[in-house]
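> protein-v9.pdb is reproduced below (PDB, C-alpha atoms).
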```
ATOM      1  CA  MET A   1      91.963  78.651 104.937  1.00  0.00           C
ATOM      2  CA  TRP A   2      94.330  80.997 106.824  1.00  0.00           C
ATOM      3  CA  SER A   3      95.855  78.304 109.033  1.00  0.00           C
ATOM      4  CA  ALA A   4      96.809  76.208 106.007  1.00  0.00           C
ATOM      5  CA  ILE A   5      98.744  78.967 104.211  1.00  0.00           C
ATOM      6  CA  ASP A   6     102.502  79.305 104.711  1.00  0.00           C
ATOM      7  CA  PRO A   7     103.719  81.920 105.284  1.00  0.00           C
ATOM      8  CA  LYS A   8     100.529  83.185 106.888  1.00  0.00           C
ATOM      9  CA  PRO A   9      99.056  86.270 105.185  1.00  0.00           C
ATOM     10  CA  LEU A  10      98.195  89.498 107.001  1.00  0.00           C
ATOM     11  CA  ASN A  11      94.522  90.255 106.330  1.00  0.00           C
ATOM     12  CA  LEU A  12      93.444  93.828 107.068  1.00  0.00           C
ATOM     13  CA  ILE A  13      89.760  94.782 107.221  1.00  0.00           C
ATOM     14  CA  PRO A  14      88.644  98.408 107.656  1.00  0.00           C
ATOM     15  CA  ALA A  15      86.087  98.720 110.459  1.00  0.00           C
ATOM     16  CA  HIS A  16      83.199 101.056 109.745  1.00  0.00           C
ATOM     17  CA  GLY A  17      81.634 103.617 112.072  1.00  0.00           C
ATOM     18  CA  ASP A  18      79.238 101.039 113.508  1.00  0.00           C
ATOM     19  CA  GLY A  19      82.165  98.879 114.527  1.00  0.00           C
ATOM     20  CA  GLY A  20      81.451  96.291 111.851  1.00  0.00           C
ATOM     21  CA  PRO A  21      84.044  95.105 109.352  1.00  0.00           C
ATOM     22  CA  SER A  22      83.522  95.202 105.584  1.00  0.00           C
ATOM     23  CA  THR A  23      84.874  91.976 104.095  1.00  0.00           C
ATOM     24  CA  ALA A  24      84.479  93.436 100.587  1.00  0.00           C
ATOM     25  CA  GLU A  25      87.280  95.887 101.346  1.00  0.00           C
ATOM     26  CA  ARG A  26      89.677  93.498 103.015  1.00  0.00           C
ATOM     27  CA  VAL A  27      93.192  93.228 101.665  1.00  0.00           C
ATOM     28  CA  MET A  28      95.629  90.350 102.005  1.00  0.00           C
ATOM     29  CA  LEU A  29      99.329  91.079 102.425  1.00  0.00           C
ATOM     30  CA  THR A  30     101.904  88.360 101.793  1.00  0.00           C
ATOM     31  CA  PRO A  31     105.066  88.644 103.918  1.00  0.00           C
ATOM     32  CA  ASP A  32     108.506  88.088 102.456  1.00  0.00           C
ATOM     33  CA  THR A  33     109.442  85.791 105.343  1.00  0.00           C
ATOM     34  CA  ALA A  34     107.775  83.969 108.221  1.00  0.00           C
ATOM     35  CA  HIS A  35     108.469  87.022 110.403  1.00  0.00           C
ATOM     36  CA  GLY A  36     107.245  89.753 108.062  1.00  0.00           C
ATOM     37  CA  GLY A  37     108.777  91.979 105.415  1.00  0.00           C
ATOM     38  CA  TRP A  38     106.652  93.654 102.729  1.00  0.00           C
ATOM     39  CA  ASP A  39     107.043  94.578  99.082  1.00  0.00           C
ATOM     40  CA  GLY A  40     105.714  97.662  97.321  1.00  0.00           C
ATOM     41  CA  GLU A  41     102.354  96.100  96.476  1.00  0.00           C
ATOM     42  CA  ASP A  42     101.776  95.076 100.100  1.00  0.00           C
ATOM     43  CA  LEU A  43     102.533  98.614 101.272  1.00  0.00           C
ATOM     44  CA  ARG A  44     100.155 100.034  98.661  1.00  0.00           C
ATOM     45  CA  LEU A  45      97.328  97.758  99.817  1.00  0.00           C
ATOM     46  CA  ALA A  46      97.970  98.603 103.465  1.00  0.00           C
ATOM     47  CA  ALA A  47      97.894 102.313 102.642  1.00  0.00           C
ATOM     48  CA  ARG A  48      94.495 101.826 101.016  1.00  0.00           C
ATOM     49  CA  VAL A  49      93.017 100.357 104.204  1.00  0.00           C
ATOM     50  CA  PHE A  50      94.692 103.011 106.356  1.00  0.00           C
ATOM     51  CA  ALA A  51      93.221 105.731 104.114  1.00  0.00           C
ATOM     52  CA  ALA A  52      89.748 104.173 104.252  1.00  0.00           C
ATOM     53  CA  THR A  53      89.733 104.253 108.052  1.00  0.00           C
ATOM     54  CA  GLY A  54      91.400 107.595 108.671  1.00  0.00           C
ATOM     55  CA  GLY A  55      90.432 109.930 105.879  1.00  0.00           C
ATOM     56  CA  GLY A  56      94.036 110.729 104.966  1.00  0.00           C
ATOM     57  CA  THR A  57      96.687 109.296 102.672  1.00  0.00           C
ATOM     58  CA  CYS A  58     100.126 108.245 103.875  1.00  0.00           C
ATOM     59  CA  ALA A  59     102.762 105.577 103.356  1.00  0.00           C
ATOM     60  CA  VAL A  60     102.534 102.872 106.012  1.00  0.00           C
ATOM     61  CA  THR A  61     105.787 102.209 107.881  1.00  0.00           C
ATOM     62  CA  PRO A  62     106.920  98.616 107.223  1.00  0.00           C
ATOM     63  CA  ARG A  63     107.891  98.093 110.862  1.00  0.00           C
ATOM     64  CA  LEU A  64     104.313  98.836 111.974  1.00  0.00           C
ATOM     65  CA  LEU A  65     103.094  96.066 109.695  1.00  0.00           C
ATOM     66  CA  ASP A  66     105.776  93.762 111.115  1.00  0.00           C
ATOM     67  CA  VAL A  67     104.565  94.446 114.658  1.00  0.00           C
ATOM     68  CA  ILE A  68     100.949  93.772 113.675  1.00  0.00           C
ATOM     69  CA  TYR A  69     101.971  90.630 111.823  1.00  0.00           C
ATOM     70  CA  ARG A  70     103.948  89.239 114.741  1.00  0.00           C
ATOM     71  CA  ALA A  71     100.861  89.685 116.896  1.00  0.00           C
ATOM     72  CA  THR A  72      98.606  87.889 114.399  1.00  0.00           C
ATOM     73  CA  LEU A  73     100.974  84.922 114.468  1.00  0.00           C
ATOM     74  CA  GLU A  74     101.063  84.917 118.266  1.00  0.00           C
ATOM     75  CA  PHE A  75      97.256  84.919 118.570  1.00  0.00           C
ATOM     76  CA  ARG A  76      96.536  83.048 115.331  1.00  0.00           C
ATOM     77  CA  ALA A  77      94.309  85.896 114.174  1.00  0.00           C
ATOM     78  CA  PRO A  78      93.110  85.272 110.585  1.00  0.00           C
ATOM     79  CA  TYR A  79      92.348  88.976 110.155  1.00  0.00           C
ATOM     80  CA  VAL A  80      92.733  92.362 111.836  1.00  0.00           C
ATOM     81  CA  ASN A  81      90.001  94.980 112.185  1.00  0.00           C
ATOM     82  CA  VAL A  82      91.575  98.366 111.418  1.00  0.00           C
ATOM     83  CA  VAL A  83      89.570 100.997 113.321  1.00  0.00           C
ATOM     84  CA  SER A  84      91.680 104.034 112.402  1.00  0.00           C
ATOM     85  CA  GLY A  85      94.724 104.321 110.184  1.00  0.00           C
ATOM     86  CA  CYS A  86      96.020 107.420 108.437  1.00  0.00           C
ATOM     87  CA  ARG A  87      94.764 110.751 109.797  1.00  0.00           C
ATOM     88  CA  THR A  88      96.489 113.835 108.414  1.00  0.00           C
ATOM     89  CA  GLY A  89      94.725 116.526 110.466  1.00  0.00           C
ATOM     90  CA  ASP A  90      97.502 116.652 113.079  1.00  0.00           C
ATOM     91  CA  SER A  91     101.014 116.537 111.624  1.00  0.00           C
ATOM     92  CA  SER A  92     102.474 115.759 115.067  1.00  0.00           C
ATOM     93  CA  SER A  93     100.500 112.501 115.284  1.00  0.00           C
ATOM     94  CA  ARG A  94     102.074 109.243 114.179  1.00  0.00           C
ATOM     95  CA  HIS A  95      98.752 108.507 112.497  1.00  0.00           C
ATOM     96  CA  ALA A  96      99.655 111.210 109.964  1.00  0.00           C
ATOM     97  CA  HIS A  97     102.861 109.428 109.008  1.00  0.00           C
ATOM     98  CA  GLY A  98     101.759 105.811 108.713  1.00  0.00           C
ATOM     99  CA  MET A  99     103.386 104.938 112.037  1.00  0.00           C
ATOM    100  CA  ALA A 100     100.235 104.269 114.102  1.00  0.00           C
ATOM    101  CA  VAL A 101      97.012 102.300 113.973  1.00  0.00           C
ATOM    102  CA  ASP A 102      93.974 101.701 116.171  1.00  0.00           C
ATOM    103  CA  LEU A 103      92.898  98.082 115.808  1.00  0.00           C
ATOM    104  CA  ALA A 104      91.170  95.064 117.308  1.00  0.00           C
ATOM    105  CA  PHE A 105      91.873  91.350 116.964  1.00  0.00           C
ATOM    106  CA  PRO A 106      88.900  88.970 116.766  1.00  0.00           C
ATOM    107  CA  GLY A 107      88.536  86.968 119.956  1.00  0.00           C
ATOM    108  CA  THR A 108      91.637  88.504 121.554  1.00  0.00           C
ATOM    109  CA  ASP A 109      91.590  90.439 124.812  1.00  0.00           C
ATOM    110  CA  ASP A 110      93.322  93.799 124.526  1.00  0.00           C
ATOM    111  CA  LEU A 111      95.307  93.043 127.681  1.00  0.00           C
ATOM    112  CA  ASP A 112      96.822  89.949 126.103  1.00  0.00           C
ATOM    113  CA  LEU A 113      97.493  91.833 122.883  1.00  0.00           C
ATOM    114  CA  ALA A 114      99.202  94.682 124.750  1.00  0.00           C
ATOM    115  CA  ARG A 115     101.333  92.244 126.738  1.00  0.00           C
ATOM    116  CA  PHE A 116     102.719  90.696 123.607  1.00  0.00           C
ATOM    117  CA  VAL A 117     103.212  93.848 121.549  1.00  0.00           C
ATOM    118  CA  GLY A 118     104.942  95.495 124.506  1.00  0.00           C
ATOM    119  CA  THR A 119     107.619  92.796 124.509  1.00  0.00           C
ATOM    120  CA  LEU A 120     108.684  93.787 120.983  1.00  0.00           C
ATOM    121  CA  GLY A 121     110.035  97.081 122.285  1.00  0.00           C
ATOM    122  CA  PHE A 122     110.027 100.592 120.822  1.00  0.00           C
ATOM    123  CA  VAL A 123     106.239 100.832 120.589  1.00  0.00           C
ATOM    124  CA  GLY A 124     103.449 103.083 121.801  1.00  0.00           C
ATOM    125  CA  LEU A 125     100.420 101.411 123.380  1.00  0.00           C
ATOM    126  CA  GLY A 126      97.215 103.314 124.123  1.00  0.00           C
ATOM    127  CA  TYR A 127      94.157 101.754 125.750  1.00  0.00           C
ATOM    128  CA  TYR A 128      90.739 103.376 125.289  1.00  0.00           C
ATOM    129  CA  PRO A 129      88.134 101.637 127.486  1.00  0.00           C
ATOM    130  CA  SER A 130      85.216 103.325 125.689  1.00  0.00           C
ATOM    131  CA  GLY A 131      86.646 102.710 122.251  1.00  0.00           C
ATOM    132  CA  GLY A 132      87.019  98.944 122.175  1.00  0.00           C
ATOM    133  CA  PHE A 133      90.394  99.058 120.450  1.00  0.00           C
ATOM    134  CA  LEU A 134      94.116  99.209 121.144  1.00  0.00           C
ATOM    135  CA  HIS A 135      96.342 101.957 119.739  1.00  0.00           C
ATOM    136  CA  ILE A 136      99.720 100.688 118.510  1.00  0.00           C
ATOM    137  CA  ASP A 137     102.512 102.786 117.083  1.00  0.00           C
ATOM    138  CA  VAL A 138     106.243 102.500 116.454  1.00  0.00           C
ATOM    139  CA  ARG A 139     108.656 105.015 117.987  1.00  0.00           C
ATOM    140  CA  ASP A 140     112.164 105.532 119.350  1.00  0.00           C
ATOM    141  CA  ALA A 141     111.203 104.836 122.980  1.00  0.00           C
ATOM    142  CA  SER A 142     108.212 102.872 124.279  1.00  0.00           C
ATOM    143  CA  HIS A 143     105.346 104.837 125.819  1.00  0.00           C
ATOM    144  CA  TYR A 144     102.060 103.614 127.329  1.00  0.00           C
ATOM    145  CA  TRP A 145      98.861 105.425 128.253  1.00  0.00           C
ATOM    146  CA  VAL A 146      95.193 104.972 129.147  1.00  0.00           C
ATOM    147  CA  ASP A 147      92.472 107.365 127.975  1.00  0.00           C
ATOM    148  CA  ARG A 148      89.255 106.986 129.974  1.00  0.00           C
ATOM    149  CA  ALA A 149      87.264 109.627 128.079  1.00  0.00           C
ATOM    150  CA  GLU A 150      83.847 108.651 126.814  1.00  0.00           C
ATOM    151  CA  ALA A 151      83.545 108.062 123.076  1.00  0.00           C
ATOM    152  CA  GLY A 152      83.581 111.425 121.338  1.00  0.00           C
ATOM    153  CA  GLY A 153      84.521 113.249 124.552  1.00  0.00           C
ATOM    154  CA  GLU A 154      87.576 115.299 125.429  1.00  0.00           C
ATOM    155  CA  SER A 155      90.774 113.305 125.813  1.00  0.00           C
ATOM    156  CA  ASP A 156      91.610 112.214 129.367  1.00  0.00           C
ATOM    157  CA  GLN A 157      94.993 110.525 128.983  1.00  0.00           C
ATOM    158  CA  GLU A 158      97.085 109.127 131.811  1.00  0.00           C
ATOM    159  CA  VAL A 159     100.649 108.028 131.139  1.00  0.00           C
ATOM    160  CA  VAL A 160     101.284 104.676 132.808  1.00  0.00           C
ATOM    161  CA  LEU A 161     104.174 102.330 133.506  1.00  0.00           C
ATOM    162  CA  GLU A 162     106.958 104.691 132.410  1.00  0.00           C
ATOM    163  CA  ARG A 163     109.757 102.709 134.046  1.00  0.00           C
ATOM    164  CA  GLN A 164     108.401  99.492 132.587  1.00  0.00           C
ATOM    165  CA  ALA A 165     108.384 100.979 129.095  1.00  0.00           C
ATOM    166  CA  ALA A 166     112.043 101.918 129.401  1.00  0.00           C
ATOM    167  CA  ARG A 167     112.955  98.491 130.720  1.00  0.00           C
ATOM    168  CA  THR A 168     111.170  96.749 127.858  1.00  0.00           C
ATOM    169  CA  ASP A 169     113.259  98.652 125.307  1.00  0.00           C
ATOM    170  CA  LEU A 170     116.392  97.615 127.158  1.00  0.00           C
ATOM    171  CA  SER A 171     115.193  94.010 127.196  1.00  0.00           C
ATOM    172  CA  ALA A 172     114.424  94.109 123.467  1.00  0.00           C
ATOM    173  CA  THR A 173     117.888  95.468 122.767  1.00  0.00           C
ATOM    174  CA  ARG A 174     119.529  92.913 125.034  1.00  0.00           C
ATOM    175  CA  TYR A 175     117.706  89.865 123.716  1.00  0.00           C
ATOM    176  CA  ARG A 176     117.464  90.669 120.024  1.00  0.00           C
ATOM    177  CA  GLY A 177     119.648  93.672 119.369  1.00  0.00           C
ATOM    178  CA  ALA A 178     116.463  95.520 118.432  1.00  0.00           C
ATOM    179  CA  THR A 179     116.441  99.204 117.617  1.00  0.00           C
ATOM    180  CA  ALA A 180     113.683 101.588 116.596  1.00  0.00           C
ATOM    181  CA  THR A 181     114.874 101.507 112.982  1.00  0.00           C
ATOM    182  CA  GLU A 182     115.467  97.757 112.772  1.00  0.00           C
ATOM    183  CA  PRO A 183     112.272  95.774 113.488  1.00  0.00           C
ATOM    184  CA  PRO A 184     112.683  92.971 116.025  1.00  0.00           C
ATOM    185  CA  PRO A 185     111.093  89.627 115.077  1.00  0.00           C
ATOM    186  CA  GLY A 186     110.096  89.242 118.748  1.00  0.00           C
ATOM    187  CA  ILE A 187     111.927  88.583 121.985  1.00  0.00           C
ATOM    188  CA  THR A 188     112.052  85.775 124.488  1.00  0.00           C
ATOM    189  CA  LEU A 189     111.997  86.844 128.113  1.00  0.00           C
ATOM    190  CA  VAL A 190     113.307  84.572 130.843  1.00  0.00           C
ATOM    191  CA  PRO A 191     110.504  83.037 132.964  1.00  0.00           C
ATOM    192  CA  GLU A 192     111.134  85.345 135.923  1.00  0.00           C
ATOM    193  CA  GLU A 193     110.706  88.446 133.734  1.00  0.00           C
ATOM    194  CA  THR A 194     107.555  87.095 132.075  1.00  0.00           C
ATOM    195  CA  GLU A 195     105.933  86.349 135.440  1.00  0.00           C
ATOM    196  CA  GLU A 196     106.915  89.768 136.748  1.00  0.00           C
ATOM    197  CA  ILE A 197     105.529  91.580 133.695  1.00  0.00           C
ATOM    198  CA  ASN A 198     102.209  89.722 133.894  1.00  0.00           C
ATOM    199  CA  GLN A 199     101.860  90.674 137.553  1.00  0.00           C
ATOM    200  CA  ILE A 200     102.521  94.319 136.721  1.00  0.00           C
ATOM    201  CA  PHE A 201      99.603  94.283 134.296  1.00  0.00           C
ATOM    202  CA  GLU A 202      97.287  92.746 136.864  1.00  0.00           C
ATOM    203  CA  ASP A 203      98.377  95.161 139.610  1.00  0.00           C
ATOM    204  CA  HIS A 204      97.820  98.169 137.382  1.00  0.00           C
ATOM    205  CA  LEU A 205      94.343  97.031 136.374  1.00  0.00           C
ATOM    206  CA  GLU A 206      93.365  96.563 140.020  1.00  0.00           C
ATOM    207  CA  THR A 207      94.880  99.729 141.502  1.00  0.00           C
ATOM    208  CA  GLY A 208      95.440 102.085 138.583  1.00  0.00           C
ATOM    209  CA  THR A 209      98.968 102.798 139.881  1.00  0.00           C
ATOM    210  CA  GLU A 210     102.450 101.980 138.687  1.00  0.00           C
ATOM    211  CA  THR A 211     104.344  99.372 140.686  1.00  0.00           C
ATOM    212  CA  GLY A 212     107.418  97.205 140.272  1.00  0.00           C
ATOM    213  CA  THR A 213     109.068  96.614 136.915  1.00  0.00           C
ATOM    214  CA  GLY A 214     107.822  95.147 133.634  1.00  0.00           C
ATOM    215  CA  THR A 215     105.628  96.453 130.832  1.00  0.00           C
ATOM    216  CA  GLY A 216     101.983  96.839 129.974  1.00  0.00           C
ATOM    217  CA  THR A 217      98.782  98.785 129.673  1.00  0.00           C
ATOM    218  CA  GLY A 218      95.052  98.291 130.016  1.00  0.00           C
ATOM    219  CA  THR A 219      92.530  95.765 128.739  1.00  0.00           C
ATOM    220  CA  GLY A 220      89.511  95.603 126.485  1.00  0.00           C
ATOM    221  CA  THR A 221      87.923  93.484 123.724  1.00  0.00           C
ATOM    222  CA  GLY A 222      86.173  93.762 120.424  1.00  0.00           C
ATOM    223  CA  THR A 223      86.078  96.200 117.563  1.00  0.00           C
ATOM    224  CA  GLY A 224      85.000  99.721 118.399  1.00  0.00           C
ATOM    225  CA  THR A 225      84.648 103.208 117.083  1.00  0.00           C
ATOM    226  CA  GLY A 226      86.612 106.338 117.772  1.00  0.00           C
ATOM    227  CA  THR A 227      90.255 107.222 117.392  1.00  0.00           C
ATOM    228  CA  GLY A 228      93.401 107.109 119.459  1.00  0.00           C
ATOM    229  CA  THR A 229      96.131 109.685 119.625  1.00  0.00           C
ATOM    230  CA  GLY A 230      99.871 109.298 119.415  1.00  0.00           C
TER     231      GLY A 230
END
```
Please rewrite the model in this file as structure tokens.

Amino acid sequence: MWSAIDPKPLNLIPAHGDGGPSTAERVMLTPDTAHGGWDGEDLRLAARVFAATGGGTCAVTPRLLDVIYRATLEFRAPYVNVVSGCRTGDSSSRHAHGMAVDLAFPGTDDLDLARFVGTLGFVGLGYYPSGGFLHIDVRDASHYWVDRAEAGGESDQEVVLERQAARTDLSATRYRGATATEPPPGITLVPEETEEINQIFEDHLETGTETGTGTGTGTGTGTGTGTGTG
């Protein structure tokens, strides 16, 4: 049972076109520490799932796995549905370089997932209301967007919360000394910042505009089909 294993494993399941996971193809990664860290075999297994869900082959960036793993610990998610991993059709996309993934956590609202991942700093977050997944990537400066296009339709991206993204990176650096090349194990915001960030999320969902300071992006649940960009 996942909850009884220490350290907790990272279970990745490729989601098929109908949105359903295939447990026969799931892989279990064993972290080096309670906060992550992966050996060559773990990276090979992750690359297999990323290839199965994206059609391309690439080496998965260890920090991306660390970010995913930190989120599974936060939400006690026994597995992760990988909607889209490695896609090599666009060399400018982080999906082509093992630095991005579209995923869904069982029983976890995308808003809550985005809130937590955003606090780690130096990440890209993309919300696709028609897709039923959250795009997560690792990068030198945080960047958030919403794409309201219908599934299979032309992209309709809107960059959101630019100031909040910049502030989150500063907070990550301040609290943990995090950089884009050195994965942070997570950060602890003071209560005033946490309350402020949560309100930013709620305000954006209600008005669709950027206000105040903090970090965040949209909301959604479940495992879906389609692909994110970034």
> What would the selection look like, as a list in words, if the PyMOL selection byres ((chain A and resi 57) around 10) were run on the coordinates I just shared?
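So the PyMOL selection byres ((chain A and resi 57) around 10), applied here, picks out Ala47, Arg48, Val49, Phe50, Ala51, Ala52, Gly54, Gly55, Gly56, Cys58, Ala59, Val60, Gly85, Cys86, Arg87, Thr88, Ala96, His97 and Gly98 of chain A.
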> Given the PyMOL selection byres ((chain A and resi 138) around 7) and the file above, list the residues it selects as a list of chain:residue names.
A:Leu64, A:Met99, A:Ala100, A:Phe122, A:Val123, A:Gly124, A:Asp137, A:Arg139
> Which value, in Å to one decimal, gives the distance between CA of Asn11 in chain A and CA of Thr108 in chain A?
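Taking CA of Asn11 in chain A and CA of Thr108 in chain A, their separation equals 15.6 Å.
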> For Ala77 in chain A, which residue out of A:Arg167, A:Lys8, A:Arg44, A:Arg148 is the nearest one, using all atoms listed in the file?
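Checking each of A:Arg167, A:Lys8, A:Arg44, A:Arg148 against Ala77 in chain A, counting all atoms listed in the file, the winner is A:Lys8.
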> Between A:Met28, A:Ala34, A:Leu113, A:Ala166, which residue has the minimum interatomic distance to Ile68 in chain A, considering only C-alpha atoms?
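For Ile68 in chain A, the nearest of the candidates is A:Leu113.
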> Could you tell me how far CA of Glu162 in chain A lies from CA of Ala141 in chain A, in Å and to one decimal?
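So the two atoms, CA of Glu162 in chain A and CA of Ala141 in chain A, lie 10.3 Å apart.
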> Expand the PyMOL selection byres ((chain A and resi 145) around 7) into the individual residues it matches in the shown file, reporting them as a PyMOL selection string.
chain A and resi 125-127+143-144+146-147+157-160+217
> Would you mind reading off the distance between CA of Ala15 in chain A and CA of Arg63 in chain A, one decimal, in Å?
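One can read the CA of Ala15 in chain A to CA of Arg63 in chain A distance as 21.8 Å.
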> For Pro62 in chain A, which residue among A:Ile5, A:Leu29, A:Ala151, A:Val82 is the nearest when counting all atoms listed in the file?
A:Leu29
> Point out the residue among A:Ala149, A:Leu10, A:Leu134, A:Val83 with the least atom-to-atom distance to Arg115 in chain A, counting all atoms listed in the file.
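For Arg115 in chain A, the nearest of the candidates is A:Leu134.
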> Using all atoms listed in the file, which of A:Gly89, A:Pro9, A:Pro129, A:Gly118 sits nearest Ser142 in chain A?
A:Gly118
> Which one of A:Asp112, A:Asp32, A:Asp140, A:Glu150 sits closest to Tyr69 in chain A if you count only C-alpha atoms?
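Of A:Asp112, A:Asp32, A:Asp140, A:Glu150, the one nearest Tyr69 in chain A, counting only C-alpha atoms, is A:Asp32.
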